[in-house]
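**Student:** Would you mind keeping the following structure in view while I ask a few things?
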Amino acid sequence: MDKVCITLNVNGDRYELAVDPWRTLVEVLRDDLNLTGTKIGCQTGDCGACTVLIDGKSVASCMMLAVAADNKNIATIEGLSTGQDELHPIQEAFVEQGAIQCGYCTPGMVLSTKYLLDQNPDPTETEIRQALSGNLCRCTGYHRIVKAVEAVAVKMRADGKGE
Amino acid sequence: MSLPKFTYCEPKTLEEAALKLAEYDGRARIVAGGTDLLLGMRRGIAKPEVVISLARIAGANAIVASATELRIGAMATLAEVAQHPLVQQHFPALACAAAVTGTVQIRNMGTVVGNICNASPSADTATPLLIYDAKMIVVAPGGERTVALAEFFRGPGKTALTQGELVKEIVLKLPSGTTRSNYQKLSPRSKVDIAIVGVSALLAFSETGAIRRARIAIGSVAPVPKRALEAENMLEGCQLTPEVIAAVAAVAAKEAAPITDMRASEDYRRSMVAVLTRRALQQNQREQQ
């Protein structure tokens, strides 16, 4: 059973790897690339803790073979912020609104939020809840998370207009 | 907990994929979006020696229309189908079903063809495709054949595909004249959960407003998603009245053969077939007026 040579473009960095074909993308991100911000939760595609963006689309990286991500552009939580010490506005809003408690679901929540706002910069509360329905939170509760998404949508629209 | 080991290949053509599939007779599995196969492997239900990916097959994710039909390729995702303008315009029940299958992430990965080939009785996209008389284009090492979707499902997880066969695409005939169709899903926890009952209904109206053609399909209430043929027959040539709708809904419920499981009882499912059939017909009627 041969390893497969793949190229992963993660957060703008290019990695050439030989991987066992049965390894999932989240395993390779965490164990080979040391990008442990992406979490492993249910491993059945239900909880969204492993959410990453592939070519701009949110996917459950526990349900995707690493070989299937060959040559694709992958965005993980580590690459969201542009600066070393800064947070992305979505991350900032999660902090400000108290939308993080244990933090385990947060990377997935933040990336699902990014995917939503990329497509729909002005979502309704229902649209936010639908967009996050594939991300489970077991401690913070959803209320503050929804508030954070509402707040950052307003902020990002205002910032966008100011440019 | 890693997945069981397998050999992986990425054929460049469907013919090559079919040859590989035939070569490993029963020991190979096709992967498109992977959302069902990986789950099956993790649960120890699927144990393929070889996994054959369709990812490198050019054009396999295409959704293309001609003057008379729409073709949905094997790699077209649920999200792509749900958002496609022609699907939304001509096949709204399918657009709706694809938009409520699983989660956002699953819809960005999973495919409509995969949802059908997985052959779950509760597959959201099955009943819409049944009311649109979908045809499956099946590729084998020796060539192609066409299988009507109504003949495709053979039991839970079982399809008409035989050794070396895989589905290339789904073909839908574009509707002519005035037709209305929609999908009704019941899943009490949320849309993310699988349907405890799904009903799709299509009505084609004549110029007088009478029903020229009717299709009703019911999901999660029998070993396979299926058409409610008696209920359909009652509608043809009729004007849609509240009495007709109630009678048809009752017959559709009789055509269901549901089971009791953790999500719902047999009785509840049967009752809900009537409710969802009524809602589907009423929605068609409202859109017609």
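If you're wondering about the labels, chains in the structure tokens are A, B, ... by order shown, residues count from 1 in each chain, ligands from 1 in order shown.
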Neighbouring residues of B:Gln289 were defined as those with any atom within 12 Å, considering only C-alpha atoms; residues of the same chain fewer than 5 positions away were excluded. Please report them as a PyMOL selection string.
**Tutor:** chain B and resi 178-180+205+209+240+282-284
**Student:** What are the closest atom pairs, with distances in Å to one decimal, for each residue of chain A lying within 10 Å of chain B, using only C-alpha atoms, rows by chain and rising residue number, as JSON lines?
**Tutor:**
```
{"residue": "A:Met1", "atom": "CA", "partner": "B:Thr7", "partner_atom": "CA", "distance": 5.3}
{"residue": "A:Asp2", "atom": "CA", "partner": "B:Thr7", "partner_atom": "CA", "distance": 7.0}
{"residue": "A:Lys3", "atom": "CA", "partner": "B:Thr7", "partner_atom": "CA", "distance": 8.7}
{"residue": "A:Val4", "atom": "CA", "partner": "B:Tyr8", "partner_atom": "CA", "distance": 8.2}
{"residue": "A:Asp20", "atom": "CA", "partner": "B:Lys5", "partner_atom": "CA", "distance": 8.3}
{"residue": "A:Pro21", "atom": "CA", "partner": "B:Tyr8", "partner_atom": "CA", "distance": 6.0}
{"residue": "A:Trp22", "atom": "CA", "partner": "B:Lys5", "partner_atom": "CA", "distance": 5.7}
{"residue": "A:Arg23", "atom": "CA", "partner": "B:Leu3", "partner_atom": "CA", "distance": 6.7}
{"residue": "A:Thr24", "atom": "CA", "partner": "B:Leu3", "partner_atom": "CA", "distance": 8.0}
{"residue": "A:Glu27", "atom": "CA", "partner": "B:Ser2", "partner_atom": "CA", "distance": 8.6}
{"residue": "A:Gln43", "atom": "CA", "partner": "B:Leu39", "partner_atom": "CA", "distance": 8.2}
{"residue": "A:Thr44", "atom": "CA", "partner": "B:Leu39", "partner_atom": "CA", "distance": 5.9}
{"residue": "A:Gly45", "atom": "CA", "partner": "B:Ile106", "partner_atom": "CA", "distance": 7.2}
{"residue": "A:Asp46", "atom": "CA", "partner": "B:Thr103", "partner_atom": "CA", "distance": 7.7}
{"residue": "A:Cys47", "atom": "CA", "partner": "B:Thr103", "partner_atom": "CA", "distance": 9.5}
{"residue": "A:Gly48", "atom": "CA", "partner": "B:Gln105", "partner_atom": "CA", "distance": 7.7}
{"residue": "A:Thr51", "atom": "CA", "partner": "B:Gln105", "partner_atom": "CA", "distance": 7.5}
{"residue": "A:Val52", "atom": "CA", "partner": "B:Gln105", "partner_atom": "CA", "distance": 9.0}
{"residue": "A:Leu53", "atom": "CA", "partner": "B:Gln105", "partner_atom": "CA", "distance": 9.3}
{"residue": "A:Ile54", "atom": "CA", "partner": "B:Asn108", "partner_atom": "CA", "distance": 9.4}
{"residue": "A:Lys57", "atom": "CA", "partner": "B:Asn108", "partner_atom": "CA", "distance": 6.6}
{"residue": "A:Ser58", "atom": "CA", "partner": "B:Gln105", "partner_atom": "CA", "distance": 5.3}
{"residue": "A:Val59", "atom": "CA", "partner": "B:Gln105", "partner_atom": "CA", "distance": 4.3}
{"residue": "A:Ala60", "atom": "CA", "partner": "B:Gln105", "partner_atom": "CA", "distance": 5.6}
{"residue": "A:Ser61", "atom": "CA", "partner": "B:Gln105", "partner_atom": "CA", "distance": 9.1}
{"residue": "A:Cys62", "atom": "CA", "partner": "B:Leu38", "partner_atom": "CA", "distance": 8.8}
{"residue": "A:Met63", "atom": "CA", "partner": "B:Thr35", "partner_atom": "CA", "distance": 5.8}
{"residue": "A:Met64", "atom": "CA", "partner": "B:Gly34", "partner_atom": "CA", "distance": 6.5}
{"residue": "A:Leu65", "atom": "CA", "partner": "B:Gly34", "partner_atom": "CA", "distance": 8.0}
{"residue": "A:Val67", "atom": "CA", "partner": "B:Tyr8", "partner_atom": "CA", "distance": 8.9}
{"residue": "A:Ala68", "atom": "CA", "partner": "B:Ala55", "partner_atom": "CA", "distance": 7.4}
{"residue": "A:Ala69", "atom": "CA", "partner": "B:Ala55", "partner_atom": "CA", "distance": 9.9}
{"residue": "A:Ser112", "atom": "CA", "partner": "B:Gln105", "partner_atom": "CA", "distance": 8.5}
{"residue": "A:Tyr115", "atom": "CA", "partner": "B:Val104", "partner_atom": "CA", "distance": 9.7}
{"residue": "A:Leu116", "atom": "CA", "partner": "B:Val104", "partner_atom": "CA", "distance": 9.7}
{"residue": "A:Gln130", "atom": "CA", "partner": "B:Val104", "partner_atom": "CA", "distance": 8.4}
{"residue": "A:Ala131", "atom": "CA", "partner": "B:Val104", "partner_atom": "CA", "distance": 6.6}
{"residue": "A:Leu132", "atom": "CA", "partner": "B:Val104", "partner_atom": "CA", "distance": 8.0}
{"residue": "A:Ser133", "atom": "CA", "partner": "B:Thr103", "partner_atom": "CA", "distance": 6.6}
{"residue": "A:Gly134", "atom": "CA", "partner": "B:Thr103", "partner_atom": "CA", "distance": 4.8}
{"residue": "A:Asn135", "atom": "CA", "partner": "B:Thr103", "partner_atom": "CA", "distance": 8.6}
```
**Student:** Find the residues near B:Ile211: any atom within 9 Å, counting only C-alpha atoms, skip ones fewer than 3 places away on the same chain, and give them as a list in words.
**Tutor:**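 What passes the distance filter is Leu203, Ala204, Phe205, Ser206, Thr208, Ala214, Leu235, Glu236, Gly237, Cys238, Gln239 and Leu240 of chain B.
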**Student:** Write the selection just made, keeping all heavy atoms, as a PDB file, in the first residue's frame?
**Tutor:**
```pdb
ATOM      1  N   LEU B 203     -46.854  18.452 -10.035  1.00  0.00           N
ATOM      2  CA  LEU B 203     -48.107  18.500 -10.780  1.00  0.00           C
ATOM      3  C   LEU B 203     -47.862  19.265 -12.072  1.00  0.00           C
ATOM      4  O   LEU B 203     -47.291  20.358 -12.057  1.00  0.00           O
ATOM      5  CB  LEU B 203     -49.200  19.213  -9.972  1.00  0.00           C
ATOM      6  CG  LEU B 203     -49.615  18.550  -8.649  1.00  0.00           C
ATOM      7  CD1 LEU B 203     -50.629  19.422  -7.923  1.00  0.00           C
ATOM      8  CD2 LEU B 203     -50.179  17.152  -8.885  1.00  0.00           C
ATOM      9  N   ALA B 204     -48.289  18.675 -13.196  1.00  0.00           N
ATOM     10  CA  ALA B 204     -48.273  19.377 -14.474  1.00  0.00           C
ATOM     11  C   ALA B 204     -49.716  19.740 -14.786  1.00  0.00           C
ATOM     12  O   ALA B 204     -50.601  18.876 -14.734  1.00  0.00           O
ATOM     13  CB  ALA B 204     -47.685  18.486 -15.560  1.00  0.00           C
ATOM     14  N   PHE B 205     -49.961  21.003 -15.050  1.00  0.00           N
ATOM     15  CA  PHE B 205     -51.337  21.477 -15.253  1.00  0.00           C
ATOM     16  C   PHE B 205     -51.630  21.694 -16.735  1.00  0.00           C
ATOM     17  O   PHE B 205     -50.766  22.145 -17.499  1.00  0.00           O
ATOM     18  CB  PHE B 205     -51.544  22.800 -14.509  1.00  0.00           C
ATOM     19  CG  PHE B 205     -51.449  22.677 -13.007  1.00  0.00           C
ATOM     20  CD1 PHE B 205     -50.241  22.886 -12.346  1.00  0.00           C
ATOM     21  CD2 PHE B 205     -52.574  22.338 -12.255  1.00  0.00           C
ATOM     22  CE1 PHE B 205     -50.149  22.777 -10.971  1.00  0.00           C
ATOM     23  CE2 PHE B 205     -52.481  22.223 -10.868  1.00  0.00           C
ATOM     24  CZ  PHE B 205     -51.275  22.443 -10.227  1.00  0.00           C
ATOM     25  N   SER B 206     -52.857  21.403 -17.130  1.00  0.00           N
ATOM     26  CA  SER B 206     -53.294  21.730 -18.489  1.00  0.00           C
ATOM     27  C   SER B 206     -53.785  23.179 -18.495  1.00  0.00           C
ATOM     28  O   SER B 206     -53.846  23.826 -17.450  1.00  0.00           O
ATOM     29  CB  SER B 206     -54.415  20.797 -18.926  1.00  0.00           C
ATOM     30  OG  SER B 206     -55.575  21.108 -18.174  1.00  0.00           O
ATOM     31  N   THR B 208     -56.680  24.288 -18.775  1.00  0.00           N
ATOM     32  CA  THR B 208     -57.913  24.454 -18.011  1.00  0.00           C
ATOM     33  C   THR B 208     -57.671  24.386 -16.499  1.00  0.00           C
ATOM     34  O   THR B 208     -58.595  24.583 -15.716  1.00  0.00           O
ATOM     35  CB  THR B 208     -58.924  23.338 -18.354  1.00  0.00           C
ATOM     36  OG1 THR B 208     -58.318  22.087 -17.969  1.00  0.00           O
ATOM     37  CG2 THR B 208     -59.276  23.309 -19.817  1.00  0.00           C
ATOM     38  N   ALA B 214     -49.169  13.743 -12.638  1.00  0.00           N
ATOM     39  CA  ALA B 214     -48.851  13.891 -11.216  1.00  0.00           C
ATOM     40  C   ALA B 214     -47.759  12.912 -10.829  1.00  0.00           C
ATOM     41  O   ALA B 214     -47.711  11.785 -11.323  1.00  0.00           O
ATOM     42  CB  ALA B 214     -50.091  13.638 -10.369  1.00  0.00           C
ATOM     43  N   LEU B 235     -54.898  11.619  -9.081  1.00  0.00           N
ATOM     44  CA  LEU B 235     -54.825  13.055  -9.384  1.00  0.00           C
ATOM     45  C   LEU B 235     -54.998  13.350 -10.872  1.00  0.00           C
ATOM     46  O   LEU B 235     -55.450  14.432 -11.241  1.00  0.00           O
ATOM     47  CB  LEU B 235     -53.471  13.605  -8.920  1.00  0.00           C
ATOM     48  CG  LEU B 235     -53.344  13.887  -7.423  1.00  0.00           C
ATOM     49  CD1 LEU B 235     -51.887  14.022  -7.017  1.00  0.00           C
ATOM     50  CD2 LEU B 235     -54.118  15.141  -7.044  1.00  0.00           C
ATOM     51  N   GLU B 236     -54.628  12.400 -11.720  1.00  0.00           N
ATOM     52  CA  GLU B 236     -54.564  12.736 -13.140  1.00  0.00           C
ATOM     53  C   GLU B 236     -55.956  13.045 -13.684  1.00  0.00           C
ATOM     54  O   GLU B 236     -56.910  12.314 -13.451  1.00  0.00           O
ATOM     55  CB  GLU B 236     -53.855  11.622 -13.915  1.00  0.00           C
ATOM     56  CG  GLU B 236     -52.455  11.472 -13.330  1.00  0.00           C
ATOM     57  CD  GLU B 236     -51.397  10.894 -14.238  1.00  0.00           C
ATOM     58  OE1 GLU B 236     -51.691  10.561 -15.395  1.00  0.00           O
ATOM     59  OE2 GLU B 236     -50.256  10.783 -13.754  1.00  0.00           O
ATOM     60  N   GLY B 237     -56.059  14.191 -14.376  1.00  0.00           N
ATOM     61  CA  GLY B 237     -57.325  14.635 -14.944  1.00  0.00           C
ATOM     62  C   GLY B 237     -58.205  15.408 -13.976  1.00  0.00           C
ATOM     63  O   GLY B 237     -59.231  15.960 -14.362  1.00  0.00           O
ATOM     64  N   CYS B 238     -57.817  15.449 -12.704  1.00  0.00           N
ATOM     65  CA  CYS B 238     -58.635  16.108 -11.671  1.00  0.00           C
ATOM     66  C   CYS B 238     -58.378  17.606 -11.602  1.00  0.00           C
ATOM     67  O   CYS B 238     -57.335  18.087 -12.006  1.00  0.00           O
ATOM     68  CB  CYS B 238     -58.267  15.569 -10.292  1.00  0.00           C
ATOM     69  SG  CYS B 238     -59.057  14.048  -9.876  1.00  0.00           S
ATOM     70  N   GLN B 239     -59.348  18.315 -11.014  1.00  0.00           N
ATOM     71  CA  GLN B 239     -59.078  19.653 -10.498  1.00  0.00           C
ATOM     72  C   GLN B 239     -58.697  19.458  -9.025  1.00  0.00           C
ATOM     73  O   GLN B 239     -59.264  18.594  -8.349  1.00  0.00           O
ATOM     74  CB  GLN B 239     -60.334  20.539 -10.586  1.00  0.00           C
ATOM     75  CG  GLN B 239     -60.817  20.817 -11.998  1.00  0.00           C
ATOM     76  CD  GLN B 239     -60.023  21.907 -12.709  1.00  0.00           C
ATOM     77  OE1 GLN B 239     -59.281  22.650 -12.072  1.00  0.00           O
ATOM     78  NE2 GLN B 239     -60.163  21.959 -14.030  1.00  0.00           N
ATOM     79  N   LEU B 240     -57.763  20.277  -8.560  1.00  0.00           N
ATOM     80  CA  LEU B 240     -57.286  20.106  -7.187  1.00  0.00           C
ATOM     81  C   LEU B 240     -58.244  20.800  -6.218  1.00  0.00           C
ATOM     82  O   LEU B 240     -58.324  22.017  -6.180  1.00  0.00           O
ATOM     83  CB  LEU B 240     -55.880  20.705  -7.081  1.00  0.00           C
ATOM     84  CG  LEU B 240     -54.871  20.063  -6.139  1.00  0.00           C
ATOM     85  CD1 LEU B 240     -54.742  18.578  -6.347  1.00  0.00           C
ATOM     86  CD2 LEU B 240     -53.524  20.737  -6.313  1.00  0.00           C
TER      87      LEU B 240
END
```
**Student:** So, with only C-alpha atoms as the atoms that count, which of A:Val10, A:Leu87, A:Leu33, A:Cys139 lies closest to A:Gly103?
**Tutor:**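 Using only C-alpha atoms, the shortest distance to A:Gly103 belongs to A:Cys139.
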**Student:** Grab the atom CA of B:Ala93 to atom CA of A:Asp122 distance for me, in Å with one decimal place.
**Tutor:**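 Atom-to-atom, atom CA of B:Ala93 and atom CA of A:Asp122 are spaced 26.7 Å apart.
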**Student:** Could you pull the residues within 10 Å of B:Ala60, counting only C-alpha atoms, minus those fewer than 2 positions along the same chain, as a list in words?
**Tutor:**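 So, after excluding close chain neighbours, the residues are Thr13, Leu14, Ala32, Leu54, Ala55, Arg56, Ile57, Ala58, Ala62, Ile63, Ile72, Gly73, Ala74, Met75, Ala76, Lys168 and Glu169 of chain B.
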**Student:** Go ahead and write the residues just picked, N, CA and C atoms, as a PDB file, in the first residue's frame.
**Tutor:**
```
ATOM      1  N   THR B  13     -10.255   8.541 -16.376  1.00  0.00           N
ATOM      2  CA  THR B  13     -11.506   8.432 -17.128  1.00  0.00           C
ATOM      3  C   THR B  13     -12.477   7.495 -16.391  1.00  0.00           C
ATOM      4  N   LEU B  14     -13.737   7.617 -16.739  1.00  0.00           N
ATOM      5  CA  LEU B  14     -14.754   6.756 -16.121  1.00  0.00           C
ATOM      6  C   LEU B  14     -14.557   5.300 -16.525  1.00  0.00           C
ATOM      7  N   ALA B  32     -16.545   9.778  -4.138  1.00  0.00           N
ATOM      8  CA  ALA B  32     -16.772  11.079  -4.789  1.00  0.00           C
ATOM      9  C   ALA B  32     -16.542  12.137  -3.713  1.00  0.00           C
ATOM     10  N   LEU B  54     -12.955   9.697  -7.992  1.00  0.00           N
ATOM     11  CA  LEU B  54     -13.367  10.288  -9.270  1.00  0.00           C
ATOM     12  C   LEU B  54     -12.828  11.716  -9.424  1.00  0.00           C
ATOM     13  N   ALA B  55     -11.967  12.130  -8.478  1.00  0.00           N
ATOM     14  CA  ALA B  55     -11.536  13.532  -8.432  1.00  0.00           C
ATOM     15  C   ALA B  55     -10.795  14.003  -9.685  1.00  0.00           C
ATOM     16  N   ARG B  56     -10.094  13.084 -10.374  1.00  0.00           N
ATOM     17  CA  ARG B  56      -9.279  13.518 -11.527  1.00  0.00           C
ATOM     18  C   ARG B  56     -10.005  13.362 -12.860  1.00  0.00           C
ATOM     19  N   ILE B  57     -11.244  12.980 -12.815  1.00  0.00           N
ATOM     20  CA  ILE B  57     -11.946  12.774 -14.088  1.00  0.00           C
ATOM     21  C   ILE B  57     -12.486  14.113 -14.579  1.00  0.00           C
ATOM     22  N   ALA B  58     -11.978  14.538 -15.734  1.00  0.00           N
ATOM     23  CA  ALA B  58     -12.331  15.861 -16.247  1.00  0.00           C
ATOM     24  C   ALA B  58     -13.840  15.972 -16.473  1.00  0.00           C
ATOM     25  N   ALA B  62     -19.575  18.502 -13.635  1.00  0.00           N
ATOM     26  CA  ALA B  62     -20.365  19.433 -14.449  1.00  0.00           C
ATOM     27  C   ALA B  62     -21.866  19.285 -14.194  1.00  0.00           C
ATOM     28  N   ILE B  63     -22.543  20.419 -14.275  1.00  0.00           N
ATOM     29  CA  ILE B  63     -24.005  20.443 -14.331  1.00  0.00           C
ATOM     30  C   ILE B  63     -24.311  21.170 -15.633  1.00  0.00           C
ATOM     31  N   ILE B  72     -26.436  16.062 -14.390  1.00  0.00           N
ATOM     32  CA  ILE B  72     -25.707  16.330 -13.147  1.00  0.00           C
ATOM     33  C   ILE B  72     -24.609  15.283 -13.023  1.00  0.00           C
ATOM     34  N   GLY B  73     -23.363  15.730 -13.110  1.00  0.00           N
ATOM     35  CA  GLY B  73     -22.222  14.815 -13.093  1.00  0.00           C
ATOM     36  C   GLY B  73     -21.983  14.220 -11.722  1.00  0.00           C
ATOM     37  N   ALA B  74     -21.217  13.118 -11.715  1.00  0.00           N
ATOM     38  CA  ALA B  74     -20.998  12.337 -10.491  1.00  0.00           C
ATOM     39  C   ALA B  74     -20.311  13.134  -9.389  1.00  0.00           C
ATOM     40  N   MET B  75     -19.533  14.154  -9.748  1.00  0.00           N
ATOM     41  CA  MET B  75     -18.795  14.907  -8.725  1.00  0.00           C
ATOM     42  C   MET B  75     -19.472  16.233  -8.370  1.00  0.00           C
ATOM     43  N   ALA B  76     -20.632  16.521  -8.937  1.00  0.00           N
ATOM     44  CA  ALA B  76     -21.334  17.779  -8.610  1.00  0.00           C
ATOM     45  C   ALA B  76     -21.824  17.707  -7.165  1.00  0.00           C
ATOM     46  N   LYS B 168     -22.307   7.635 -13.893  1.00  0.00           N
ATOM     47  CA  LYS B 168     -21.598   8.736 -14.541  1.00  0.00           C
ATOM     48  C   LYS B 168     -22.317  10.055 -14.277  1.00  0.00           C
ATOM     49  N   GLU B 169     -23.633  10.020 -14.430  1.00  0.00           N
ATOM     50  CA  GLU B 169     -24.407  11.250 -14.269  1.00  0.00           C
ATOM     51  C   GLU B 169     -25.893  10.925 -14.142  1.00  0.00           C
TER      52      GLU B 169
END
```
**Student:** Step one, run DSSP on the backbone; step two, keep only residues of stretch 82-111 of chain B assigned to alpha helix (DSSP H); then write them as number ranges by chain.
**Tutor:** B: 82-83, 85-90, 92-99, 104-109
**Student:** Please extract the residues of stretch 76-139 of chain B with a backbone DSSP assignment of strand (DSSP E) and present them as a list in words.
**Tutor:**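 Output for stretch 76-139 of chain B, strand (DSSP E) only: Lys135, Met136, Ile137, Val138 and Val139 of chain B.
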**Student:** Those residues you just picked out, can you put them in a file as a compact mmCIF listing (two decimals), in the first residue's frame with all heavy atoms?
**Tutor:**
```txt
# COMPACT_ATOMS: atom_id res chain seq x y z
N LYS B 135 -33.04 9.71 -14.76
CA LYS B 135 -32.39 8.53 -15.33
C LYS B 135 -30.92 8.54 -14.92
O LYS B 135 -30.26 9.58 -14.95
CB LYS B 135 -32.51 8.54 -16.85
CG LYS B 135 -33.95 8.35 -17.30
CD LYS B 135 -34.07 7.99 -18.74
CE LYS B 135 -35.44 7.46 -19.10
NZ LYS B 135 -36.55 8.02 -18.34
N MET B 136 -30.44 7.37 -14.52
CA MET B 136 -29.05 7.24 -14.12
C MET B 136 -28.26 6.70 -15.31
O MET B 136 -28.63 5.66 -15.87
CB MET B 136 -28.90 6.26 -12.94
CG MET B 136 -29.88 6.48 -11.80
SD MET B 136 -29.67 8.04 -10.97
CE MET B 136 -28.24 7.67 -9.97
N ILE B 137 -27.21 7.40 -15.70
CA ILE B 137 -26.33 6.88 -16.76
C ILE B 137 -25.22 6.09 -16.07
O ILE B 137 -24.43 6.62 -15.30
CB ILE B 137 -25.73 8.02 -17.61
CG1 ILE B 137 -26.82 8.96 -18.11
CG2 ILE B 137 -24.90 7.43 -18.77
CD1 ILE B 137 -27.89 8.33 -18.98
N VAL B 138 -25.22 4.79 -16.36
CA VAL B 138 -24.33 3.87 -15.66
C VAL B 138 -23.21 3.43 -16.61
O VAL B 138 -23.48 3.04 -17.75
CB VAL B 138 -25.12 2.63 -15.17
CG1 VAL B 138 -24.19 1.59 -14.57
CG2 VAL B 138 -26.18 3.06 -14.15
N VAL B 139 -21.97 3.53 -16.14
CA VAL B 139 -20.82 3.15 -16.95
C VAL B 139 -20.28 1.81 -16.45
O VAL B 139 -20.17 1.59 -15.24
CB VAL B 139 -19.71 4.21 -16.86
CG1 VAL B 139 -18.48 3.79 -17.65
CG2 VAL B 139 -20.22 5.55 -17.35
```
**Student:** I'd like the neighbourhood of A:Glu125 as a PyMOL selection string, where a residue qualifies if any of its atoms comes within 10 Å (using only C-alpha atoms), though same-chain residues fewer than 2 positions away should be ignored.
**Tutor:** chain A and resi 122-123+127-131+146-147+149-150
**Student:** What does the file look like for those residues with all heavy atoms, as a short mmCIF file (atom, residue, chain, number, x, y, z; two decimals), in the first residue's frame?
**Tutor:**
```cif
data_model
loop_
_atom_site.label_atom_id
_atom_site.label_comp_id
_atom_site.auth_asym_id
_atom_site.auth_seq_id
_atom_site.Cartn_x
_atom_site.Cartn_y
_atom_site.Cartn_z
N ASP A 122 -24.24 40.44 4.93
CA ASP A 122 -25.28 41.03 5.77
C ASP A 122 -26.34 39.98 6.13
O ASP A 122 -27.49 40.07 5.73
CB ASP A 122 -25.92 42.21 5.01
CG ASP A 122 -26.88 42.99 5.90
OD1 ASP A 122 -26.88 42.78 7.13
OD2 ASP A 122 -27.62 43.83 5.35
N PRO A 123 -25.94 38.96 6.89
CA PRO A 123 -26.88 37.86 7.17
C PRO A 123 -27.89 38.22 8.26
O PRO A 123 -27.59 39.00 9.17
CB PRO A 123 -25.96 36.74 7.66
CG PRO A 123 -24.80 37.45 8.27
CD PRO A 123 -24.62 38.72 7.50
N GLU A 127 -30.19 33.31 9.13
CA GLU A 127 -29.12 32.88 8.21
C GLU A 127 -27.84 32.53 8.97
O GLU A 127 -27.13 31.60 8.61
CB GLU A 127 -28.85 33.97 7.16
CG GLU A 127 -29.96 34.03 6.11
CD GLU A 127 -29.90 35.27 5.23
OE1 GLU A 127 -29.28 36.29 5.61
OE2 GLU A 127 -30.51 35.23 4.15
N ILE A 128 -27.56 33.30 10.02
CA ILE A 128 -26.38 32.99 10.84
C ILE A 128 -26.55 31.62 11.51
O ILE A 128 -25.66 30.77 11.47
CB ILE A 128 -26.15 34.08 11.91
CG1 ILE A 128 -25.77 35.40 11.25
CG2 ILE A 128 -25.07 33.64 12.91
CD1 ILE A 128 -25.78 36.60 12.18
N ARG A 129 -27.71 31.41 12.09
CA ARG A 129 -27.94 30.14 12.80
C ARG A 129 -27.88 28.96 11.81
O ARG A 129 -27.35 27.90 12.13
CB ARG A 129 -29.28 30.18 13.55
CG ARG A 129 -29.20 31.07 14.78
CD ARG A 129 -30.49 31.06 15.60
NE ARG A 129 -30.40 32.00 16.72
CZ ARG A 129 -29.86 31.69 17.90
NH1 ARG A 129 -29.39 30.49 18.13
NH2 ARG A 129 -29.79 32.61 18.85
N GLN A 130 -28.44 29.16 10.61
CA GLN A 130 -28.36 28.09 9.60
C GLN A 130 -26.92 27.84 9.18
O GLN A 130 -26.47 26.70 9.06
CB GLN A 130 -29.21 28.44 8.38
CG GLN A 130 -30.70 28.23 8.65
CD GLN A 130 -31.59 28.74 7.53
OE1 GLN A 130 -31.16 29.50 6.67
NE2 GLN A 130 -32.85 28.32 7.55
N ALA A 131 -26.17 28.93 9.00
CA ALA A 131 -24.79 28.81 8.54
C ALA A 131 -23.92 28.09 9.58
O ALA A 131 -22.92 27.47 9.23
CB ALA A 131 -24.21 30.19 8.23
N VAL A 146 -23.78 33.85 18.07
CA VAL A 146 -24.60 34.54 17.06
C VAL A 146 -24.41 36.05 17.19
O VAL A 146 -24.26 36.77 16.18
CB VAL A 146 -26.09 34.14 17.21
CG1 VAL A 146 -26.98 35.00 16.30
CG2 VAL A 146 -26.28 32.67 16.89
N LYS A 147 -24.37 36.55 18.42
CA LYS A 147 -24.13 37.99 18.67
C LYS A 147 -22.79 38.42 18.07
O LYS A 147 -22.66 39.50 17.48
CB LYS A 147 -24.12 38.29 20.17
CG LYS A 147 -25.48 38.24 20.84
CD LYS A 147 -26.26 39.51 20.55
CE LYS A 147 -27.71 39.37 20.97
NZ LYS A 147 -28.66 39.77 19.93
N VAL A 149 -21.20 37.08 15.58
CA VAL A 149 -21.27 37.10 14.11
C VAL A 149 -22.03 38.34 13.64
O VAL A 149 -21.62 39.02 12.69
CB VAL A 149 -21.92 35.81 13.57
CG1 VAL A 149 -22.01 35.87 12.05
CG2 VAL A 149 -21.13 34.58 14.02
N GLU A 150 -23.11 38.67 14.34
CA GLU A 150 -23.86 39.89 13.99
C GLU A 150 -22.96 41.12 14.11
O GLU A 150 -22.94 41.98 13.22
CB GLU A 150 -25.07 40.04 14.92
CG GLU A 150 -26.22 39.11 14.55
CD GLU A 150 -27.38 39.16 15.54
OE1 GLU A 150 -27.18 39.65 16.67
OE2 GLU A 150 -28.47 38.70 15.17
#
```
**Student:** Please provide as a list in words all residues within 9 Å of B:Ala249, with the sequence filter that same-chain residues fewer than 5 positions apart are discarded (counting only C-alpha atoms).
**Tutor:**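 Here the answer would be Ala231, Val244, Lys254, Val273, Ala274, Val275, Leu276, Thr277, Arg278 and Leu281 of chain B.
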**Student:** From the set A:Gln101, A:Lys39, A:Arg30, A:Asn71, which residue has the shortest atom-to-atom contact distance to A:Ile6, counting only C-alpha atoms?
**Tutor:**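 Between A:Gln101, A:Lys39, A:Arg30, A:Asn71, the residue approaching A:Ile6 most closely is A:Asn71.
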**Student:** Tell me, as a list in words, which residues lie within 10 Å of B:Pro92, counting only C-alpha atoms; anything in the same chain fewer than 3 positions away does not count.
**Tutor:**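 The filter keeps Ala82, Pro85, Leu86, Val87, Gln88, Gln89, Ala95, Cys96, Ala97, Ala98, Pro128, Arg180, Ser181, Asn182 and Tyr183 of chain B.
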**Student:** B:Leu21, B:Lys12, B:Ala46, B:Tyr268: which is nearest B:Gln163, counting only C-alpha atoms?
**Tutor:**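 Looking only at the distances to B:Gln163, the closest residue turns out to be B:Leu21.
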**Student:** Taking only C-alpha atoms into account, which of B:Ala252, B:Leu186, B:Ile131, B:Ile170 comes nearest B:Ala264?
**Tutor:**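 Of B:Ala252, B:Leu186, B:Ile131, B:Ile170, the one nearest B:Ala264 is B:Leu186, counting only C-alpha atoms.
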